[in-house]
>>> print(open('run.cif').read())   # mmCIF, C-alpha atoms and all ligand atoms
data_data
#
loop_
_atom_site.group_PDB
_atom_site.id
_atom_site.type_symbol
_atom_site.label_atom_id
_atom_site.label_comp_id
_atom_site.auth_asym_id
_atom_site.auth_seq_id
_atom_site.Cartn_x
_atom_site.Cartn_y
_atom_site.Cartn_z
ATOM 1 C CA MET A 124 -47.412 -91.792 28.189
ATOM 2 C CA SER A 125 -45.619 -95.044 28.886
ATOM 3 C CA ASP A 126 -46.197 -98.120 26.725
ATOM 4 C CA VAL A 127 -44.974 -100.278 29.595
ATOM 5 C CA ASP A 128 -47.292 -101.815 32.171
ATOM 6 C CA ALA A 129 -45.651 -100.664 35.405
ATOM 7 C CA ALA A 130 -47.291 -103.500 37.352
ATOM 8 C CA SER A 131 -45.065 -106.050 35.642
ATOM 9 C CA GLY A 132 -41.312 -105.907 35.238
ATOM 10 C CA TYR A 133 -41.712 -108.087 32.160
ATOM 11 C CA PRO A 134 -44.795 -106.818 30.291
ATOM 12 C CA GLY A 135 -46.055 -108.540 27.184
ATOM 13 C CA LEU A 136 -45.130 -112.079 28.210
ATOM 14 C CA PRO A 137 -48.215 -113.538 29.951
ATOM 15 C CA GLY A 138 -50.096 -115.896 27.662
ATOM 16 C CA ARG A 139 -47.566 -115.526 24.878
ATOM 17 C CA THR A 140 -45.521 -118.337 23.356
ATOM 18 C CA VAL A 141 -41.734 -118.436 23.578
ATOM 19 C CA VAL A 142 -39.362 -121.139 22.276
ATOM 20 C CA VAL A 143 -36.112 -121.819 24.149
ATOM 21 C CA THR A 144 -33.439 -124.119 22.700
ATOM 22 C CA GLY A 145 -30.874 -126.167 24.629
ATOM 23 C CA ALA A 146 -33.194 -126.073 27.612
ATOM 24 C CA ALA A 147 -32.644 -129.463 29.284
ATOM 25 C CA GLY A 148 -30.560 -127.807 31.984
ATOM 26 C CA GLY A 149 -28.178 -124.932 32.638
ATOM 27 C CA GLN A 150 -29.164 -121.484 31.467
ATOM 28 C CA GLY A 151 -31.815 -122.737 29.040
ATOM 29 C CA ALA A 152 -33.793 -124.409 31.817
ATOM 30 C CA ALA A 153 -33.439 -121.312 34.014
ATOM 31 C CA GLU A 154 -34.799 -119.197 31.156
ATOM 32 C CA ALA A 155 -37.716 -121.550 30.495
ATOM 33 C CA ILE A 156 -38.664 -121.779 34.173
ATOM 34 C CA LEU A 157 -38.488 -118.011 34.705
ATOM 35 C CA LEU A 158 -40.565 -117.357 31.578
ATOM 36 C CA ASP A 159 -43.099 -119.943 32.740
ATOM 37 C CA SER A 160 -43.335 -118.225 36.130
ATOM 38 C CA LEU A 161 -43.945 -114.928 34.315
ATOM 39 C CA GLY A 162 -46.947 -116.452 32.567
ATOM 40 C CA ALA A 163 -45.440 -117.169 29.158
ATOM 41 C CA ARG A 164 -46.286 -120.383 27.299
ATOM 42 C CA VAL A 165 -42.866 -121.935 27.032
ATOM 43 C CA VAL A 166 -41.772 -124.544 24.530
ATOM 44 C CA ALA A 167 -38.453 -125.827 25.858
ATOM 45 C CA THR A 168 -36.366 -127.881 23.440
ATOM 46 C CA ASP A 169 -33.182 -129.937 23.623
ATOM 47 C CA LEU A 170 -31.602 -133.105 22.232
ATOM 48 C CA GLY A 171 -33.078 -135.620 24.673
ATOM 49 C CA SER A 172 -36.372 -137.361 24.018
ATOM 50 C CA ASP A 173 -37.738 -137.147 27.582
ATOM 51 C CA ARG A 174 -39.094 -134.085 29.356
ATOM 52 C CA PRO A 175 -36.349 -133.102 31.836
ATOM 53 C CA ALA A 176 -37.202 -133.552 35.518
ATOM 54 C CA VAL A 177 -36.358 -129.903 36.117
ATOM 55 C CA TYR A 178 -39.777 -129.023 34.630
ATOM 56 C CA GLU A 179 -41.760 -130.958 37.239
ATOM 57 C CA GLY A 180 -44.416 -128.638 38.643
ATOM 58 C CA THR A 181 -44.199 -126.127 35.772
ATOM 59 C CA HIS A 182 -46.362 -125.585 32.677
ATOM 60 C CA VAL A 183 -43.359 -125.815 30.375
ATOM 61 C CA THR A 184 -43.918 -127.946 27.271
ATOM 62 C CA TYR A 185 -40.898 -129.990 26.250
ATOM 63 C CA ARG A 186 -40.028 -131.001 22.716
ATOM 64 C CA PRO A 187 -36.928 -132.783 21.374
ATOM 65 C CA LEU A 188 -35.181 -130.594 18.809
ATOM 66 C CA ASP A 189 -31.654 -130.685 17.425
ATOM 67 C CA VAL A 190 -31.000 -127.075 16.434
ATOM 68 C CA SER A 191 -28.672 -128.160 13.636
ATOM 69 C CA ASN A 192 -31.433 -130.242 12.016
ATOM 70 C CA GLU A 193 -33.471 -128.199 9.532
ATOM 71 C CA ASP A 194 -36.275 -130.778 9.467
ATOM 72 C CA HIS A 195 -36.764 -130.425 13.220
ATOM 73 C CA TRP A 196 -37.235 -126.676 12.826
ATOM 74 C CA THR A 197 -39.634 -127.129 9.921
ATOM 75 C CA ALA A 198 -41.735 -129.545 11.990
ATOM 76 C CA LEU A 199 -41.740 -127.199 15.000
ATOM 77 C CA ALA A 200 -42.815 -124.260 12.837
ATOM 78 C CA ALA A 201 -45.666 -126.302 11.356
ATOM 79 C CA ASP A 202 -46.872 -127.417 14.787
ATOM 80 C CA LEU A 203 -46.619 -123.904 16.214
ATOM 81 C CA ALA A 204 -48.597 -122.500 13.297
ATOM 82 C CA GLN A 205 -51.405 -124.860 14.360
ATOM 83 C CA THR A 206 -51.268 -124.208 18.110
ATOM 84 C CA LEU A 207 -50.818 -120.449 17.808
ATOM 85 C CA GLY A 208 -53.933 -120.250 15.651
ATOM 86 C CA GLY A 209 -52.904 -116.982 14.043
ATOM 87 C CA GLU A 210 -51.473 -115.371 17.168
ATOM 88 C CA PRO A 211 -47.834 -114.360 16.593
ATOM 89 C CA LEU A 212 -44.981 -116.195 18.259
ATOM 90 C CA LYS A 213 -43.646 -113.872 20.942
ATOM 91 C CA GLY A 214 -40.073 -115.028 21.154
ATOM 92 C CA LEU A 215 -37.203 -117.328 20.298
ATOM 93 C CA VAL A 216 -34.212 -117.832 22.564
ATOM 94 C CA ASN A 217 -31.300 -119.387 20.675
ATOM 95 C CA ASN A 218 -29.612 -120.700 23.791
ATOM 96 C CA ALA A 219 -28.291 -124.109 22.655
ATOM 97 C CA GLY A 220 -24.543 -124.142 22.430
ATOM 98 C CA ILE A 221 -21.543 -126.422 22.699
ATOM 99 C CA THR A 222 -17.956 -125.636 23.462
ATOM 100 C CA HIS A 223 -14.702 -127.199 22.329
ATOM 101 C CA ARG A 224 -11.802 -126.257 24.523
ATOM 102 C CA ALA A 225 -8.900 -126.419 22.057
ATOM 103 C CA ARG A 226 -6.537 -123.756 20.749
ATOM 104 C CA LEU A 227 -6.417 -122.895 17.057
ATOM 105 C CA GLY A 228 -3.447 -125.140 16.246
ATOM 106 C CA GLN A 229 -5.142 -128.101 17.912
ATOM 107 C CA THR A 230 -8.630 -127.635 16.452
ATOM 108 C CA ALA A 231 -9.672 -130.392 14.050
ATOM 109 C CA ARG A 232 -11.880 -129.467 11.122
ATOM 110 C CA ALA A 233 -14.614 -131.835 12.338
ATOM 111 C CA ASP A 234 -14.749 -130.123 15.738
ATOM 112 C CA TRP A 235 -14.805 -126.672 14.139
ATOM 113 C CA ASP A 236 -17.727 -127.750 11.909
ATOM 114 C CA ARG A 237 -19.599 -129.366 14.815
ATOM 115 C CA VAL A 238 -19.369 -126.205 16.953
ATOM 116 C CA PHE A 239 -20.462 -123.942 14.107
ATOM 117 C CA ALA A 240 -23.331 -126.288 13.197
ATOM 118 C CA VAL A 241 -24.868 -125.839 16.639
ATOM 119 C CA ASN A 242 -23.810 -122.344 17.719
ATOM 120 C CA VAL A 243 -24.258 -120.488 14.425
ATOM 121 C CA THR A 244 -26.189 -122.601 11.930
ATOM 122 C CA GLY A 245 -28.589 -123.737 14.658
ATOM 123 C CA ALA A 246 -29.509 -120.146 15.484
ATOM 124 C CA MET A 247 -29.766 -119.234 11.805
ATOM 125 C CA LEU A 248 -32.120 -122.154 11.094
ATOM 126 C CA GLY A 249 -34.233 -121.254 14.114
ATOM 127 C CA ILE A 250 -34.627 -117.665 12.995
ATOM 128 C CA GLN A 251 -35.396 -118.678 9.417
ATOM 129 C CA ALA A 252 -38.033 -121.191 10.542
ATOM 130 C CA LEU A 253 -39.766 -119.129 13.225
ATOM 131 C CA ALA A 254 -39.494 -115.509 12.054
ATOM 132 C CA PRO A 255 -42.416 -116.066 9.632
ATOM 133 C CA LEU A 256 -44.585 -116.768 12.717
ATOM 134 C CA MET A 257 -43.527 -113.502 14.360
ATOM 135 C CA ALA A 258 -44.993 -110.030 14.143
ATOM 136 C CA ARG A 259 -44.588 -106.552 15.633
ATOM 137 C CA GLY A 260 -43.499 -106.975 19.269
ATOM 138 C CA SER A 261 -41.813 -110.337 18.784
ATOM 139 C CA SER A 262 -38.274 -110.781 20.010
ATOM 140 C CA ILE A 263 -35.260 -112.962 19.211
ATOM 141 C CA VAL A 264 -32.581 -113.396 21.856
ATOM 142 C CA ASN A 265 -29.323 -115.071 20.927
ATOM 143 C CA VAL A 266 -27.046 -116.364 23.644
ATOM 144 C CA GLY A 267 -23.511 -115.382 22.764
ATOM 145 C CA SER A 268 -20.568 -115.393 25.128
ATOM 146 C CA ALA A 269 -17.884 -113.192 26.594
ATOM 147 C CA ALA A 270 -15.719 -115.344 24.307
ATOM 148 C CA GLY A 271 -17.421 -113.590 21.394
ATOM 149 C CA LEU A 272 -16.129 -110.264 22.659
ATOM 150 C CA THR A 273 -12.570 -111.439 23.218
ATOM 151 C CA ALA A 274 -9.836 -113.730 21.894
ATOM 152 C CA HIS A 275 -10.688 -116.543 24.323
ATOM 153 C CA TYR A 276 -8.425 -119.536 23.532
ATOM 154 C CA THR A 277 -11.276 -121.877 22.489
ATOM 155 C CA ALA A 278 -10.814 -121.179 18.768
ATOM 156 C CA ALA A 279 -13.956 -122.782 17.322
ATOM 157 C CA TYR A 280 -16.245 -121.695 20.162
ATOM 158 C CA THR A 281 -14.908 -118.129 20.222
ATOM 159 C CA SER A 282 -15.177 -117.768 16.450
ATOM 160 C CA SER A 283 -18.712 -119.183 16.477
ATOM 161 C CA LYS A 284 -19.852 -116.643 19.055
ATOM 162 C CA TRP A 285 -18.328 -113.805 17.036
ATOM 163 C CA ALA A 286 -20.325 -115.118 14.056
ATOM 164 C CA LEU A 287 -23.477 -115.212 16.173
ATOM 165 C CA ARG A 288 -23.018 -111.507 16.863
ATOM 166 C CA GLY A 289 -23.052 -110.880 13.123
ATOM 167 C CA LEU A 290 -26.188 -112.973 12.691
ATOM 168 C CA THR A 291 -27.870 -110.980 15.460
ATOM 169 C CA HIS A 292 -27.173 -107.644 13.780
ATOM 170 C CA VAL A 293 -28.328 -108.947 10.402
ATOM 171 C CA ALA A 294 -31.563 -110.219 11.979
ATOM 172 C CA ALA A 295 -32.171 -106.928 13.807
ATOM 173 C CA THR A 296 -31.699 -105.044 10.556
ATOM 174 C CA GLU A 297 -33.702 -107.393 8.324
ATOM 175 C CA TYR A 298 -36.665 -107.916 10.648
ATOM 176 C CA GLY A 299 -36.714 -104.460 12.250
ATOM 177 C CA PRO A 300 -39.177 -103.072 9.696
ATOM 178 C CA ARG A 301 -41.599 -105.846 10.728
ATOM 179 C CA GLY A 302 -41.283 -104.722 14.369
ATOM 180 C CA ILE A 303 -39.298 -107.834 15.334
ATOM 181 C CA ARG A 304 -36.333 -107.223 17.626
ATOM 182 C CA ALA A 305 -33.090 -109.208 17.822
ATOM 183 C CA ASN A 306 -30.484 -108.925 20.560
ATOM 184 C CA ILE A 307 -27.597 -110.928 21.961
ATOM 185 C CA VAL A 308 -26.429 -111.484 25.521
ATOM 186 C CA HIS A 309 -22.871 -112.391 26.405
ATOM 187 C CA PRO A 310 -22.605 -114.455 29.592
ATOM 188 C CA GLY A 311 -19.247 -114.599 31.312
ATOM 189 C CA PHE A 312 -18.419 -117.602 33.496
ATOM 190 C CA ILE A 313 -21.798 -118.993 34.596
ATOM 191 C CA GLU A 314 -22.037 -122.081 36.814
ATOM 192 C CA THR A 315 -23.695 -124.694 34.554
ATOM 193 C CA PRO A 316 -22.947 -128.213 33.265
ATOM 194 C CA MET A 317 -20.876 -126.558 30.499
ATOM 195 C CA THR A 318 -18.485 -124.901 32.928
ATOM 196 C CA ASP A 319 -18.395 -127.884 35.310
ATOM 197 C CA ALA A 320 -15.788 -129.330 32.941
ATOM 198 C CA ALA A 321 -13.724 -126.136 32.573
ATOM 199 C CA PRO A 322 -10.036 -126.469 33.481
ATOM 200 C CA GLN A 323 -9.261 -125.301 37.025
ATOM 201 C CA ALA A 324 -6.705 -122.807 35.660
ATOM 202 C CA MET A 325 -9.384 -121.229 33.467
ATOM 203 C CA ARG A 326 -11.742 -120.976 36.423
ATOM 204 C CA GLU A 327 -9.082 -119.289 38.572
ATOM 205 C CA ALA A 328 -7.989 -116.872 35.848
ATOM 206 C CA GLN A 329 -11.591 -115.952 35.103
ATOM 207 C CA LEU A 330 -12.194 -115.159 38.759
ATOM 208 C CA ALA A 331 -9.013 -113.087 38.974
ATOM 209 C CA LEU A 332 -10.085 -111.042 35.920
ATOM 210 C CA THR A 333 -13.707 -110.486 36.945
ATOM 211 C CA PRO A 334 -14.242 -107.211 38.818
ATOM 212 C CA LEU A 335 -17.307 -108.559 40.674
ATOM 213 C CA GLU A 336 -14.963 -111.329 41.923
ATOM 214 C CA ARG A 337 -17.401 -114.224 41.543
ATOM 215 C CA MET A 338 -18.925 -116.469 38.906
ATOM 216 C CA GLY A 339 -22.461 -115.893 37.670
ATOM 217 C CA HIS A 340 -25.599 -117.998 38.105
ATOM 218 C CA PRO A 341 -28.081 -119.071 35.397
ATOM 219 C CA GLY A 342 -30.776 -116.908 36.998
ATOM 220 C CA GLU A 343 -28.631 -113.842 36.417
ATOM 221 C CA VAL A 344 -28.753 -114.535 32.680
ATOM 222 C CA SER A 345 -32.405 -115.575 32.480
ATOM 223 C CA SER A 346 -33.601 -112.289 34.021
ATOM 224 C CA VAL A 347 -31.887 -110.332 31.229
ATOM 225 C CA VAL A 348 -33.198 -112.716 28.562
ATOM 226 C CA ALA A 349 -36.745 -112.291 29.909
ATOM 227 C CA PHE A 350 -36.316 -108.503 29.854
ATOM 228 C CA LEU A 351 -35.212 -108.600 26.208
ATOM 229 C CA LEU A 352 -38.198 -110.797 25.294
ATOM 230 C CA SER A 353 -40.621 -108.508 27.098
ATOM 231 C CA ASP A 354 -42.166 -105.249 25.976
ATOM 232 C CA ALA A 355 -40.056 -103.446 28.588
ATOM 233 C CA ALA A 356 -37.322 -103.725 25.937
ATOM 234 C CA ALA A 357 -39.610 -102.541 23.120
ATOM 235 C CA TYR A 358 -37.000 -100.170 21.675
ATOM 236 C CA VAL A 359 -33.966 -102.375 22.345
ATOM 237 C CA SER A 360 -32.810 -104.111 19.178
ATOM 238 C CA GLY A 361 -29.390 -104.899 17.778
ATOM 239 C CA ALA A 362 -27.970 -104.640 21.288
ATOM 240 C CA GLU A 363 -25.200 -106.698 22.829
ATOM 241 C CA ILE A 364 -25.375 -107.090 26.601
ATOM 242 C CA PRO A 365 -22.479 -108.618 28.534
ATOM 243 C CA ILE A 366 -23.599 -110.481 31.682
ATOM 244 C CA ASP A 367 -20.130 -111.100 33.010
ATOM 245 C CA GLY A 368 -19.444 -109.149 36.189
ATOM 246 C CA ALA A 369 -17.503 -106.565 34.101
ATOM 247 C CA PHE A 370 -15.042 -109.211 32.835
ATOM 248 C CA THR A 371 -15.023 -107.901 29.260
ATOM 249 C CA SER A 372 -15.437 -104.279 30.303
ATOM 250 C CA SER A 373 -12.299 -104.486 32.405
ATOM 251 C CA SER A 374 -10.457 -106.219 29.573
ATOM 252 C CA GLY A 375 -7.657 -107.565 31.775
ATOM 253 C CA VAL A 376 -6.992 -104.220 33.420
ATOM 254 C CA LYS A 377 -8.143 -105.664 36.753
ATOM 255 C CA TYR A 378 -5.153 -108.020 36.613
ATOM 256 C CA MET A 379 -2.812 -105.095 35.990
ATOM 257 C CA ALA A 380 -4.368 -102.992 38.755
ATOM 258 C CA ASP A 381 -4.232 -105.891 41.215
ATOM 259 C CA ARG A 382 -0.580 -106.575 40.364
ATOM 260 C CA ILE A 383 0.313 -102.900 40.744
ATOM 261 C CA ALA A 384 -1.590 -102.703 44.009
ATOM 262 C CA ALA A 385 0.142 -105.835 45.311
ATOM 263 C CA GLY A 386 3.567 -104.357 44.630
ATOM 264 C CA THR A 387 2.829 -100.769 45.558
ATOM 265 C CA PRO A 388 3.473 -99.216 48.990
ATOM 266 C CA SER A 389 0.212 -98.789 50.887
ATOM 267 C CA ALA A 390 0.685 -95.020 50.978
ATOM 268 C CA VAL A 391 0.206 -94.936 47.199
ATOM 269 C CA ARG A 392 -2.420 -97.691 46.964
ATOM 270 C CA PRO A 393 -5.499 -95.571 47.770
ATOM 271 C CA SER A 394 -5.017 -93.589 44.577
ATOM 272 C CA LEU A 395 -5.432 -96.816 42.636
ATOM 273 C CA GLU A 396 -8.697 -97.529 44.347
ATOM 274 C CA GLY A 397 -10.082 -94.001 44.265
HETATM 275 P P1 LIG A 401 -25.253 -126.367 29.012
HETATM 276 O O1 LIG A 401 -25.816 -126.655 30.350
HETATM 277 O O2 LIG A 401 -24.280 -127.318 28.421
HETATM 278 O O3 LIG A 401 -26.494 -126.102 28.048
HETATM 279 C C1 LIG A 401 -26.429 -126.200 26.669
HETATM 280 C C2 LIG A 401 -27.547 -127.096 26.213
HETATM 281 O O4 LIG A 401 -27.582 -127.121 24.786
HETATM 282 C C3 LIG A 401 -27.362 -128.537 26.711
HETATM 283 O O5 LIG A 401 -28.551 -129.007 27.304
HETATM 284 C C4 LIG A 401 -27.027 -129.264 25.433
HETATM 285 O O6 LIG A 401 -27.441 -130.611 25.439
HETATM 286 C C5 LIG A 401 -27.822 -128.474 24.426
HETATM 287 N N1 LIG A 401 -27.413 -128.766 23.057
HETATM 288 C C6 LIG A 401 -26.184 -129.122 22.603
HETATM 289 N N2 LIG A 401 -26.242 -129.351 21.288
HETATM 290 C C7 LIG A 401 -27.522 -129.154 20.907
HETATM 291 C C8 LIG A 401 -28.208 -129.256 19.681
HETATM 292 N N3 LIG A 401 -27.582 -129.623 18.550
HETATM 293 N N4 LIG A 401 -29.530 -128.988 19.668
HETATM 294 C C9 LIG A 401 -30.175 -128.649 20.785
HETATM 295 N N5 LIG A 401 -29.597 -128.530 21.979
HETATM 296 C C10 LIG A 401 -28.271 -128.789 22.031
HETATM 297 O O7 LIG A 401 -24.502 -124.966 29.024
HETATM 298 P P2 LIG A 401 -24.991 -123.506 29.410
HETATM 299 O O8 LIG A 401 -23.866 -122.900 30.118
HETATM 300 O O9 LIG A 401 -26.338 -123.499 30.011
HETATM 301 O O10 LIG A 401 -25.023 -122.858 27.951
HETATM 302 C C11 LIG A 401 -26.127 -122.156 27.420
HETATM 303 C C12 LIG A 401 -25.622 -121.135 26.423
HETATM 304 O O11 LIG A 401 -24.836 -120.182 27.109
HETATM 305 C C13 LIG A 401 -24.716 -121.716 25.330
HETATM 306 O O12 LIG A 401 -25.005 -121.097 24.096
HETATM 307 C C14 LIG A 401 -23.332 -121.336 25.783
HETATM 308 O O13 LIG A 401 -22.423 -121.234 24.723
HETATM 309 C C15 LIG A 401 -23.610 -120.006 26.441
HETATM 310 N N6 LIG A 401 -22.604 -119.570 27.393
HETATM 311 C C16 LIG A 401 -22.379 -120.257 28.555
HETATM 312 C C17 LIG A 401 -21.442 -119.773 29.444
HETATM 313 C C18 LIG A 401 -21.159 -120.411 30.770
HETATM 314 O O14 LIG A 401 -20.237 -119.961 31.475
HETATM 315 N N7 LIG A 401 -21.884 -121.412 31.196
HETATM 316 C C19 LIG A 401 -20.711 -118.628 29.145
HETATM 317 C C20 LIG A 401 -20.952 -117.981 27.962
HETATM 318 C C21 LIG A 401 -21.912 -118.442 27.088
HETATM 319 P P3 LIG A 401 -26.369 -131.745 25.861
HETATM 320 O O15 LIG A 401 -26.047 -131.474 27.304
HETATM 321 O O16 LIG A 401 -27.113 -133.002 25.621
HETATM 322 O O17 LIG A 401 -25.175 -131.547 24.966
#
>>> encode(input="run.cif", output="structure tokens")
Amino acid sequence: MSDVDAASGYPGLPGRTVVVTGAAGGQGAAEAILLDSLGARVVATDLGSDRPAVYEGTHVTYRPLDVSNEDHWTALAADLAQTLGGEPLKGLVNNAGITHRARLGQTARADWDRVFAVNVTGAMLGIQALAPLMARGSSIVNVGSAAGLTAHYTAAYTSSKWALRGLTHVAATEYGPRGIRANIVHPGFIETPMTDAAPQAMREAQLALTPLERMGHPGEVSSVVAFLLSDAAAYVSGAEIPIDGAFTSSSGVKYMADRIAAGTPSAVRPSLEG
């Protein structure tokens, strides 16, 4: 017998409360809006004090929250304890993140600390504050990066996403006995405000190394996040899911294959593609 309600691709979300961080725009907003459309009660959070216009016409609740501020998390947990009225919190999406596009030799200590404070400590504080409100069937989704699976040049950002992987596995192990799941997704190059500022050379190289030969969209990340929050993923915990058009899977081999193909007589080329 299946535990999954076949009528819904995302069972277990309607009427349940989910917190999404860094949700003023980009992937966070896409996640909050999708979850809202699936019937979840979404608490979207970000740095700004005003409810972002992107939530016009939705039921999404907006709340200012700096993920690196422990007091903000404590206050959110206290308020949620009231509004949930004993019902467990369904999910937490640690989506907030900042990048710093500098190589190791050019990375200042202050920038390293700033990136870690948001990308790693922010997620850790969120889990510590909200896990006590969770129960069997609750789900934590951390938003990592393809950078966290590679040696991407952005030293602080890359290292922070590797650390976030470790935090995810610790959470999955520690909270597993309580029936709480923890997973991490690794977006590749997704068109958002964060990547708007990416160097053109990085954009071109990313495209050349991505087997699906295009960038991703926020909706292509939010659908996977919603799946991991839902009961359709009831036995998925401690997993790492790249959402990157096979960028990390190919591991640069696409570049090699394309170069070989470009310099190889056409009579031989089909064997490369077969
Ligand atoms: P984004 O549009 O810049 O979204 C990140 C959000 O986090 C922004 O709204 C940002 O607010 C907010 N934020 C920054 N510091 C915060 C803090 N201390 N507390 C709360 N919120 C904070 O970028 P995105 O692409 O949607 O990124 C979402 C997640 O995906 C991040 O974790 C990022 O590392 C990851 N990711 C993105 C890509 C990509 O290609 N876009 C690839 C891999 C991984 P401000 O705008 O005010 O700073």
>>> residues_near_ligand(input="run.cif", ligand="ligand LIG 401 (chain A)", cutoff="9 Å", atoms="all atoms listed in the file", output="VMD selection string")
chain A and resid 144 to 153 168 to 171 187 to 192 217 to 222 237 to 238 240 to 242 245 265 to 271 280 284 308 to 319 338 to 341 344 366 to 367
>>> write_last_selection(input="run.cif", atoms="C-alpha atoms", output="PDB file, in the coordinates of the input")
ATOM      1  CA  THR A 144     -33.439-124.119  22.700  1.00  0.00           C
ATOM      2  CA  GLY A 145     -30.874-126.167  24.629  1.00  0.00           C
ATOM      3  CA  ALA A 146     -33.194-126.073  27.612  1.00  0.00           C
ATOM      4  CA  ALA A 147     -32.644-129.463  29.284  1.00  0.00           C
ATOM      5  CA  GLY A 148     -30.560-127.807  31.984  1.00  0.00           C
ATOM      6  CA  GLY A 149     -28.178-124.932  32.638  1.00  0.00           C
ATOM      7  CA  GLN A 150     -29.164-121.484  31.467  1.00  0.00           C
ATOM      8  CA  GLY A 151     -31.815-122.737  29.040  1.00  0.00           C
ATOM      9  CA  ALA A 152     -33.793-124.409  31.817  1.00  0.00           C
ATOM     10  CA  ALA A 153     -33.439-121.312  34.014  1.00  0.00           C
ATOM     11  CA  THR A 168     -36.366-127.881  23.440  1.00  0.00           C
ATOM     12  CA  ASP A 169     -33.182-129.937  23.623  1.00  0.00           C
ATOM     13  CA  LEU A 170     -31.602-133.105  22.232  1.00  0.00           C
ATOM     14  CA  GLY A 171     -33.078-135.620  24.673  1.00  0.00           C
ATOM     15  CA  PRO A 187     -36.928-132.783  21.374  1.00  0.00           C
ATOM     16  CA  LEU A 188     -35.181-130.594  18.809  1.00  0.00           C
ATOM     17  CA  ASP A 189     -31.654-130.685  17.425  1.00  0.00           C
ATOM     18  CA  VAL A 190     -31.000-127.075  16.434  1.00  0.00           C
ATOM     19  CA  SER A 191     -28.672-128.160  13.636  1.00  0.00           C
ATOM     20  CA  ASN A 192     -31.433-130.242  12.016  1.00  0.00           C
ATOM     21  CA  ASN A 217     -31.300-119.387  20.675  1.00  0.00           C
ATOM     22  CA  ASN A 218     -29.612-120.700  23.791  1.00  0.00           C
ATOM     23  CA  ALA A 219     -28.291-124.109  22.655  1.00  0.00           C
ATOM     24  CA  GLY A 220     -24.543-124.142  22.430  1.00  0.00           C
ATOM     25  CA  ILE A 221     -21.543-126.422  22.699  1.00  0.00           C
ATOM     26  CA  THR A 222     -17.956-125.636  23.462  1.00  0.00           C
ATOM     27  CA  ARG A 237     -19.599-129.366  14.815  1.00  0.00           C
ATOM     28  CA  VAL A 238     -19.369-126.205  16.953  1.00  0.00           C
ATOM     29  CA  ALA A 240     -23.331-126.288  13.197  1.00  0.00           C
ATOM     30  CA  VAL A 241     -24.868-125.839  16.639  1.00  0.00           C
ATOM     31  CA  ASN A 242     -23.810-122.344  17.719  1.00  0.00           C
ATOM     32  CA  GLY A 245     -28.589-123.737  14.658  1.00  0.00           C
ATOM     33  CA  ASN A 265     -29.323-115.071  20.927  1.00  0.00           C
ATOM     34  CA  VAL A 266     -27.046-116.364  23.644  1.00  0.00           C
ATOM     35  CA  GLY A 267     -23.511-115.382  22.764  1.00  0.00           C
ATOM     36  CA  SER A 268     -20.568-115.393  25.128  1.00  0.00           C
ATOM     37  CA  ALA A 269     -17.884-113.192  26.594  1.00  0.00           C
ATOM     38  CA  ALA A 270     -15.719-115.344  24.307  1.00  0.00           C
ATOM     39  CA  GLY A 271     -17.421-113.590  21.394  1.00  0.00           C
ATOM     40  CA  TYR A 280     -16.245-121.695  20.162  1.00  0.00           C
ATOM     41  CA  LYS A 284     -19.852-116.643  19.055  1.00  0.00           C
ATOM     42  CA  VAL A 308     -26.429-111.484  25.521  1.00  0.00           C
ATOM     43  CA  HIS A 309     -22.871-112.391  26.405  1.00  0.00           C
ATOM     44  CA  PRO A 310     -22.605-114.455  29.592  1.00  0.00           C
ATOM     45  CA  GLY A 311     -19.247-114.599  31.312  1.00  0.00           C
ATOM     46  CA  PHE A 312     -18.419-117.602  33.496  1.00  0.00           C
ATOM     47  CA  ILE A 313     -21.798-118.993  34.596  1.00  0.00           C
ATOM     48  CA  GLU A 314     -22.037-122.081  36.814  1.00  0.00           C
ATOM     49  CA  THR A 315     -23.695-124.694  34.554  1.00  0.00           C
ATOM     50  CA  PRO A 316     -22.947-128.213  33.265  1.00  0.00           C
ATOM     51  CA  MET A 317     -20.876-126.558  30.499  1.00  0.00           C
ATOM     52  CA  THR A 318     -18.485-124.901  32.928  1.00  0.00           C
ATOM     53  CA  ASP A 319     -18.395-127.884  35.310  1.00  0.00           C
ATOM     54  CA  MET A 338     -18.925-116.469  38.906  1.00  0.00           C
ATOM     55  CA  GLY A 339     -22.461-115.893  37.670  1.00  0.00           C
ATOM     56  CA  HIS A 340     -25.599-117.998  38.105  1.00  0.00           C
ATOM     57  CA  PRO A 341     -28.081-119.071  35.397  1.00  0.00           C
ATOM     58  CA  VAL A 344     -28.753-114.535  32.680  1.00  0.00           C
ATOM     59  CA  ILE A 366     -23.599-110.481  31.682  1.00  0.00           C
ATOM     60  CA  ASP A 367     -20.130-111.100  33.010  1.00  0.00           C
TER      61      ASP A 367
END
>>> residues_around(input="run.cif", residues="A:Gly214", least_positions_apart="2", cutoff="6 Å", atoms="only C-alpha atoms", output="PyMOL selection string")
chain A and resi 141+212+261-263
>>> residues_around(input="run.cif", residues="stretch 207-211 of chain A", least_positions_apart="6", cutoff="6 Å", atoms="all atoms listed in the file", output="list of chain:residue names")
A:Leu256, A:Met257, A:Ala258
>>> closest_residue(input="run.cif", among="A:Ala295, A:Ala204, A:Ala331, A:Ala274", to="A:Gly368", atoms="all atoms listed in the file")
A:Ala331
>>> closest_residue(input="run.cif", among="A:Ala305, A:Ala155, A:Ile383, A:Ala324", to="A:Ala167", atoms="only C-alpha atoms")
A:Ala155
>>> closest_residue(input="run.cif", among="A:Ala369, A:Gly180, A:Arg304, A:Arg139", to="A:Ala357", atoms="only C-alpha atoms")
A:Arg304
>>> atom_distance(input="run.cif", atom1="atom CA of A:His182", atom2="atom CA of A:Ile307")
26.1 Å
>>> closest_residue(input="run.cif", among="A:Ser345, A:Thr273, A:Ser283, A:Thr230", to="A:Val243", atoms="only C-alpha atoms")
A:Ser283
>>> closest_residue(input="run.cif", among="A:Val166, A:Val264, A:Leu227, A:Val348", to="A:Ala279", atoms="all atoms listed in the file")
A:Leu227
